[in-house]
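Engineer: Please find input-v9.cif (mmCIF, C-alpha atoms) on the next line:
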data_structure
#
loop_
_atom_site.label_atom_id
_atom_site.label_comp_id
_atom_site.auth_asym_id
_atom_site.auth_seq_id
_atom_site.Cartn_x
_atom_site.Cartn_y
_atom_site.Cartn_z
CA MET A 199 -17.08 62.55 62.34
CA GLN A 200 -15.16 62.43 65.62
CA TYR A 201 -18.13 63.98 67.42
CA VAL A 202 -20.49 61.40 65.91
CA LYS A 203 -18.24 58.51 66.94
CA HIS A 204 -18.03 59.92 70.46
CA LEU A 205 -21.80 60.36 70.55
CA ILE A 206 -22.41 56.75 69.54
CA PHE A 207 -19.96 55.46 72.15
CA ILE A 208 -21.50 57.49 74.98
CA PHE A 209 -25.14 56.88 74.18
CA LEU A 210 -25.03 53.17 73.97
CA LEU A 211 -26.00 54.28 77.50
CA ILE A 212 -23.77 51.88 79.25
CA VAL A 213 -20.40 53.14 80.39
CA THR A 214 -18.19 52.49 83.37
CA LEU A 215 -19.62 54.77 86.01
CA GLY A 216 -17.98 56.54 88.94
CA ALA A 217 -17.76 55.20 92.48
CA ASP A 218 -17.09 56.50 95.96
CA ASP A 219 -15.39 54.68 98.85
CA THR A 220 -18.53 52.98 100.18
CA PRO A 221 -20.82 51.91 97.34
CA GLU A 222 -23.85 49.75 98.12
CA SER A 223 -24.94 46.70 96.16
CA LEU A 224 -27.81 47.66 93.87
CA VAL A 225 -28.63 43.99 93.32
CA GLU A 226 -29.47 43.68 97.02
CA SER A 227 -31.32 47.02 97.19
CA PRO A 228 -35.15 46.96 97.22
CA ASN A 229 -37.21 47.48 94.10
CA ILE A 230 -39.55 50.43 93.74
CA SER A 231 -43.29 49.87 94.01
CA PRO A 232 -45.42 49.85 91.95
CA TYR A 233 -43.39 48.04 89.30
CA PRO A 234 -42.38 50.67 86.69
CA LEU A 235 -42.04 48.47 83.58
CA ARG A 236 -45.04 47.89 81.32
CA VAL A 237 -45.32 45.52 78.38
CA GLY A 238 -45.81 47.55 75.19
CA GLU A 239 -43.93 50.63 76.45
CA MET A 240 -42.02 52.28 73.58
CA LEU A 241 -39.66 55.18 74.32
CA THR A 242 -38.07 57.28 71.57
CA TYR A 243 -35.02 59.49 72.09
CA ASN A 244 -33.23 62.11 70.03
CA ILE A 245 -29.44 62.23 70.40
CA SER A 246 -27.76 65.43 69.27
CA VAL A 247 -24.37 67.11 69.24
CA LYS A 248 -23.87 70.84 68.81
CA LYS A 249 -27.68 71.05 68.73
CA ILE A 250 -27.82 68.96 65.54
CA SER A 251 -29.91 65.76 65.63
CA ALA A 252 -27.58 62.86 64.91
CA ILE A 253 -29.17 59.62 66.12
CA GLN A 254 -32.62 58.28 66.93
CA ARG A 255 -33.00 55.60 69.59
CA THR A 256 -36.11 53.55 70.33
CA ASP A 257 -36.48 51.18 73.31
CA TRP A 258 -39.47 48.83 73.34
CA ILE A 259 -40.78 46.25 75.83
CA VAL A 260 -42.25 44.09 73.07
CA LYS A 261 -44.09 41.34 74.91
CA GLU A 262 -44.17 38.85 77.76
CA GLU A 263 -43.26 35.26 76.91
CA LEU A 264 -41.80 32.05 78.30
CA MET A 265 -38.10 31.19 77.95
CA ASN A 266 -36.56 28.14 79.60
CA GLY A 267 -39.71 27.80 81.69
CA GLU A 268 -39.48 31.40 83.00
CA THR A 269 -41.69 34.38 82.31
CA VAL A 270 -39.55 37.05 80.64
CA TYR A 271 -39.97 40.43 79.01
CA HIS A 272 -38.72 40.55 75.43
CA ILE A 273 -37.07 43.99 75.07
CA GLN A 274 -35.69 45.56 71.89
CA SER A 275 -33.60 48.67 71.24
CA LYS A 276 -32.74 50.28 67.90
CA MET A 277 -30.35 53.13 67.10
CA LYS A 278 -29.63 54.68 63.71
CA THR A 279 -28.02 57.82 62.34
CA ARG A 280 -30.29 60.54 60.99
CA ALA A 281 -30.17 61.94 57.45
CA LEU A 282 -27.59 64.67 58.15
CA PHE A 283 -25.10 62.07 59.46
CA ARG A 284 -25.45 59.38 56.81
CA PHE A 285 -21.89 60.05 55.71
CA TYR A 286 -21.03 57.95 58.77
CA LYS A 287 -23.41 54.98 58.76
CA PHE A 288 -24.33 53.59 62.15
CA ASN A 289 -27.04 51.10 63.04
CA ARG A 290 -27.41 49.08 66.21
CA GLN A 291 -30.12 46.62 67.16
CA GLU A 292 -30.22 44.97 70.57
CA GLU A 293 -32.58 42.60 72.28
CA THR A 294 -32.66 41.09 75.73
CA TYR A 295 -34.93 38.75 77.65
CA LEU A 296 -35.36 40.01 81.21
CA THR A 297 -36.96 38.14 84.11
CA PRO A 298 -39.24 40.76 85.73
CA LYS A 299 -39.37 38.93 89.05
CA THR A 300 -35.59 38.90 89.62
CA LEU A 301 -34.55 41.66 87.17
CA SER A 302 -31.96 39.24 85.76
CA PRO A 303 -31.40 38.75 82.01
CA VAL A 304 -31.62 35.35 80.34
CA ARG A 305 -30.26 36.26 76.92
CA PHE A 306 -28.76 39.23 75.06
CA ARG A 307 -28.02 39.82 71.39
CA SER A 308 -26.55 42.89 69.70
CA GLN A 309 -25.98 43.57 66.00
CA SER A 310 -24.20 46.76 65.00
CA GLN A 311 -22.71 48.35 61.91
CA LYS A 312 -20.26 51.26 62.08
CA GLY A 313 -19.30 52.27 58.58
CA LYS A 314 -18.39 48.97 56.90
CA HIS A 315 -17.56 47.20 60.17
CA SER A 316 -20.23 44.82 61.50
CA THR A 317 -20.34 43.11 64.90
CA THR A 318 -22.68 40.58 66.48
CA VAL A 319 -22.56 39.78 70.21
CA THR A 320 -24.60 37.05 71.89
CA ILE A 321 -24.71 36.29 75.62
CA ASP A 322 -26.62 33.40 77.20
CA PHE A 323 -26.93 33.65 80.98
CA ARG A 324 -26.85 30.27 82.73
CA GLY A 325 -26.85 30.66 86.50
CA GLU A 326 -23.27 31.28 87.66
CA THR A 327 -21.87 31.47 84.13
CA ALA A 328 -22.55 33.26 80.87
CA GLU A 329 -21.72 32.01 77.38
CA TYR A 330 -20.30 34.92 75.39
CA GLU A 331 -19.74 35.03 71.63
CA LYS A 332 -18.60 37.91 69.42
CA ILE A 333 -18.42 37.81 65.63
CA SER A 334 -16.74 40.71 63.82
CA ARG A 335 -16.28 41.54 60.15
CA PRO A 336 -14.27 44.70 59.25
CA LYS A 337 -15.65 44.79 55.68
CA PRO A 338 -18.56 42.96 53.98
CA LYS A 339 -16.25 40.62 52.05
CA SER A 340 -13.65 40.19 54.80
CA PRO A 341 -13.36 36.93 56.76
CA GLU A 342 -15.10 37.04 60.10
CA THR A 343 -13.34 36.96 63.45
CA ARG A 344 -14.98 34.89 66.17
CA GLU A 345 -14.43 35.08 69.94
CA ALA A 346 -16.19 32.67 72.30
CA LYS A 347 -15.76 32.12 76.02
CA VAL A 348 -17.54 31.24 79.24
CA LEU A 349 -17.59 33.91 81.95
CA GLU A 350 -18.13 33.41 85.66
CA ILE A 351 -20.77 35.90 86.77
CA PRO A 352 -22.08 37.14 90.14
CA VAL A 353 -25.78 37.08 90.98
CA GLY A 354 -27.66 39.89 89.25
CA THR A 355 -25.21 40.40 86.38
CA GLN A 356 -26.71 42.63 83.68
CA ASN A 357 -26.08 43.24 80.00
CA GLU A 358 -25.90 46.60 78.22
CA LEU A 359 -29.65 46.79 77.56
CA SER A 360 -31.13 45.06 80.61
CA ALA A 361 -29.11 47.37 82.88
CA LEU A 362 -31.32 50.34 81.92
CA TYR A 363 -34.47 48.54 83.04
CA PHE A 364 -32.70 47.22 86.13
CA LEU A 365 -31.81 50.79 87.13
CA ARG A 366 -35.34 51.99 86.50
CA SER A 367 -36.72 49.34 88.86
CA LYS A 368 -34.48 50.04 91.87
CA GLN A 369 -34.87 52.43 94.81
CA LEU A 370 -32.21 55.15 94.64
CA ALA A 371 -31.34 57.64 97.40
CA VAL A 372 -29.75 61.04 96.86
CA GLY A 373 -26.12 61.15 97.98
CA LYS A 374 -25.54 57.40 97.76
CA THR A 375 -23.34 55.39 95.41
CA TYR A 376 -24.34 51.93 94.20
CA PHE A 377 -22.69 49.16 92.21
CA PHE A 378 -23.81 46.17 90.17
CA PRO A 379 -22.07 43.65 87.85
CA MET A 380 -22.46 43.86 84.08
CA ILE A 381 -20.99 42.19 81.01
CA THR A 382 -19.53 44.78 78.64
CA GLU A 383 -16.74 44.50 76.06
CA GLY A 384 -16.54 40.77 76.77
CA GLU A 385 -15.78 41.19 80.47
CA VAL A 386 -17.67 41.26 83.78
CA LYS A 387 -17.22 44.75 85.20
CA LYS A 388 -18.26 46.47 88.41
CA ILE A 389 -20.51 49.35 87.41
CA THR A 390 -21.09 52.16 89.90
CA ILE A 391 -23.47 55.13 89.92
CA THR A 392 -23.76 58.11 92.26
CA VAL A 393 -27.16 59.73 92.81
CA GLU A 394 -26.07 63.34 92.84
CA ASP A 395 -29.23 65.37 93.40
CA ARG A 396 -32.89 66.01 92.61
CA GLU A 397 -33.68 68.46 89.83
CA ARG A 398 -36.76 69.75 88.02
CA VAL A 399 -36.53 69.14 84.27
CA LYS A 400 -38.78 70.48 81.52
CA ASN A 401 -39.48 68.04 78.71
CA LYS A 402 -41.82 68.64 75.75
CA LYS A 403 -43.35 65.18 76.05
CA VAL A 404 -43.80 64.76 79.82
CA GLY A 405 -43.83 68.39 80.97
CA THR A 406 -41.93 69.60 84.03
CA VAL A 407 -40.91 66.66 86.22
CA GLU A 408 -38.86 65.96 89.32
CA THR A 409 -35.81 63.87 88.49
CA LEU A 410 -32.97 62.02 90.15
CA VAL A 411 -29.60 63.02 88.68
CA LEU A 412 -27.05 60.23 88.26
CA GLN A 413 -23.44 61.41 87.93
CA THR A 414 -20.75 59.33 86.23
CA SER A 415 -16.98 59.31 86.45
CA THR A 416 -16.72 59.95 82.70
CA GLY A 417 -18.54 63.28 83.06
CA GLY A 418 -21.89 61.91 81.91
CA ARG A 419 -25.15 62.69 83.72
CA TYR A 420 -28.55 60.98 83.50
CA TRP A 421 -31.93 62.25 84.65
CA PHE A 422 -34.53 59.65 85.81
CA THR A 423 -38.06 60.82 86.68
CA ASP A 424 -38.53 60.56 90.44
CA ASP A 425 -41.94 58.91 90.16
CA GLU A 426 -43.45 55.48 89.54
CA ARG A 427 -42.50 55.58 85.82
CA ARG A 428 -38.75 56.11 86.40
CA LEU A 429 -38.17 57.30 82.84
CA ILE A 430 -34.83 58.51 81.53
CA VAL A 431 -35.83 61.92 80.18
CA LYS A 432 -32.38 63.39 79.59
CA ALA A 433 -28.69 62.51 79.43
CA GLU A 434 -25.56 64.40 78.49
CA THR A 435 -21.79 64.20 78.37
CA GLN A 436 -18.98 66.59 77.46
CA LYS A 437 -15.77 66.02 75.53
CA GLU A 438 -13.36 68.41 73.86
CA GLY A 439 -15.66 71.34 74.54
CA SER A 440 -18.68 69.71 72.88
CA THR A 441 -21.82 68.54 74.68
CA ALA A 442 -23.71 65.48 73.44
CA GLN A 443 -27.32 65.31 74.62
CA MET A 444 -30.08 62.70 74.63
CA THR A 445 -33.70 63.76 75.08
CA LEU A 446 -36.92 61.76 75.43
CA THR A 447 -39.18 62.73 72.51
CA ASN A 448 -42.04 60.24 72.55
CA ILE A 449 -43.83 57.65 74.70
CA GLU A 450 -46.39 55.21 73.38
CA PHE A 451 -47.87 51.85 74.34
CA THR A 452 -48.34 49.19 71.69
CA ASN A 453 -50.43 46.86 73.87
#
In structure tokens, how does this file's structure come out?
Structural biologist:
Amino acid sequence: MQYVKHLIFIFLLIVTLGADDTPESLVESPNISPYPLRVGEMLTYNISVKKISAIQRTDWIVKEELMNGETVYHIQSKMKTRALFRFYKFNRQEETYLTPKTLSPVRFRSQSQKGKHSTTVTIDFRGETAEYEKISRPKPKSPETREAKVLEIPVGTQNELSALYFLRSKQLAVGKTYFFPMITEGEVKKITITVEDRERVKNKKVGTVETLVLQTSTGGRYWFTDDERRLIVKAETQKEGSTAQMTLTNIEFTN
């Protein structure tokens, strides 16, 4: 169970990442061209520990719509434990509305259940501030705990789901470290990534591809395809002698 809990924590895919002495602002860095995000793109991942499939994750750019007068991408993500790990129930559903022109989120909502504990987080981004609300319930019949506050945010602040698409859309150079602001655990944090190297990776769905390897201070590594798609094809982390791995298993387009 400890391995499963660790796996879930790591592969929410947003962690505090490592920095060097001279990180560059990723918000101010140029975007890649052509634009890598496509409406209808659905990516499915298998997350495993000790070579046993534990969790399935699906990320989906559902549609383009208007929100507060802006064109946004409605993006959804779902994670759930597989049959062998149903002794520890975990489900997480997230959605964000991302402005493709500025790569800034407008809204974020997350609903998760770990065992009997349920949590809902909502963030509304409003210029220089963000309205944050968290509702927790330790058991189905327990009274809920509510936390609400207004956060001051820098330009380009991301949430835990929009950050993945933000990273996919930015130019990244080997050997450099970048930072960007993100709201996680109810706080605005400075997130940093180091582009460690280029590496060829073999994947059953996309074949052998050139990737950019992003190294994190927690020991995690992420492989983005070094092409116009900028897909995350692989990720891994180690703890207590065990390696947790995430692998891209399917790509489809619903539009």
Engineer: Expand the PyMOL selection byres ((chain A and resi 234) around 9) into the individual residues it matches in the shown file, reporting them as a list in words.
Structural biologist: Ile230, Ser231, Pro232, Tyr233, Leu235, Arg236, Tyr363, Arg366, Ser367, Asp425, Glu426, Arg427, Arg428 and Leu429 of chain A
Engineer: Between A:Ser302, A:Arg290, A:Glu434, A:Ser340, which residue has the minimum interatomic distance to Leu362 (chain A), considering only C-alpha atoms?
Structural biologist: A:Ser302
Engineer: Quote the spacing between CA of Val404 (chain A) and CA of Thr256 (chain A) in Å to one decimal place.
Structural biologist: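 Separation between CA of Val404 (chain A) and CA of Thr256 (chain A): 16.6 Å.
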Engineer: Would you kindly translate the PyMOL selection byres ((chain A and resi 336) around 12) into the concrete residues it picks from this file, as a ChimeraX atom specification?
Structural biologist: /A:310-318,333-335,337-343
Engineer: Can you list, as a PyMOL selection string, every protein, DNA or RNA residue that comes within 10 Å of Ala371 (chain A) when you count all atoms listed in the file, leaving out same-chain residues fewer than 4 positions away?
Structural biologist: chain A and resi 375-376+392-396+410
Engineer: Just how far from CA of Thr294 (chain A) is CA of Gly267 (chain A), in Å to one decimal?
Structural biologist: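 A separation of 16.2 Å between them.
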Engineer: Between A:Val247, A:Leu301, A:Val407, A:Met444, which has the minimum distance to Ser360 (chain A) (counting all atoms listed in the file)?
Structural biologist: A:Leu301
Engineer: Apply the PyMOL selection byres ((chain A and resi 321-326) around 10) to the displayed file and report the matching residues as number ranges by chain.
Structural biologist: A: 294-295, 302-308, 319-320, 327-332, 346-357, 381, 384
Engineer: I need the residue nearest Arg280 (chain A) from this list: A:Ser251, A:Asn266, A:Thr297, A:Gln443. Use all atoms listed in the file for the distance.
Structural biologist: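 Among the listed residues, A:Ser251 lies closest to Arg280 (chain A).
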Engineer: Calculated over all atoms listed in the file, which of the candidates A:Val411, A:Phe288, A:Ile253, A:Thr382 has the smallest distance to Ile430 (chain A)?
Structural biologist: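 Among A:Val411, A:Phe288, A:Ile253, A:Thr382, it is A:Val411 that comes nearest to Ile430 (chain A).
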Engineer: Provide the CA of Gln369 (chain A) to CA of Ala442 (chain A) distance in Å, to one decimal place.
Structural biologist: 27.4 Å
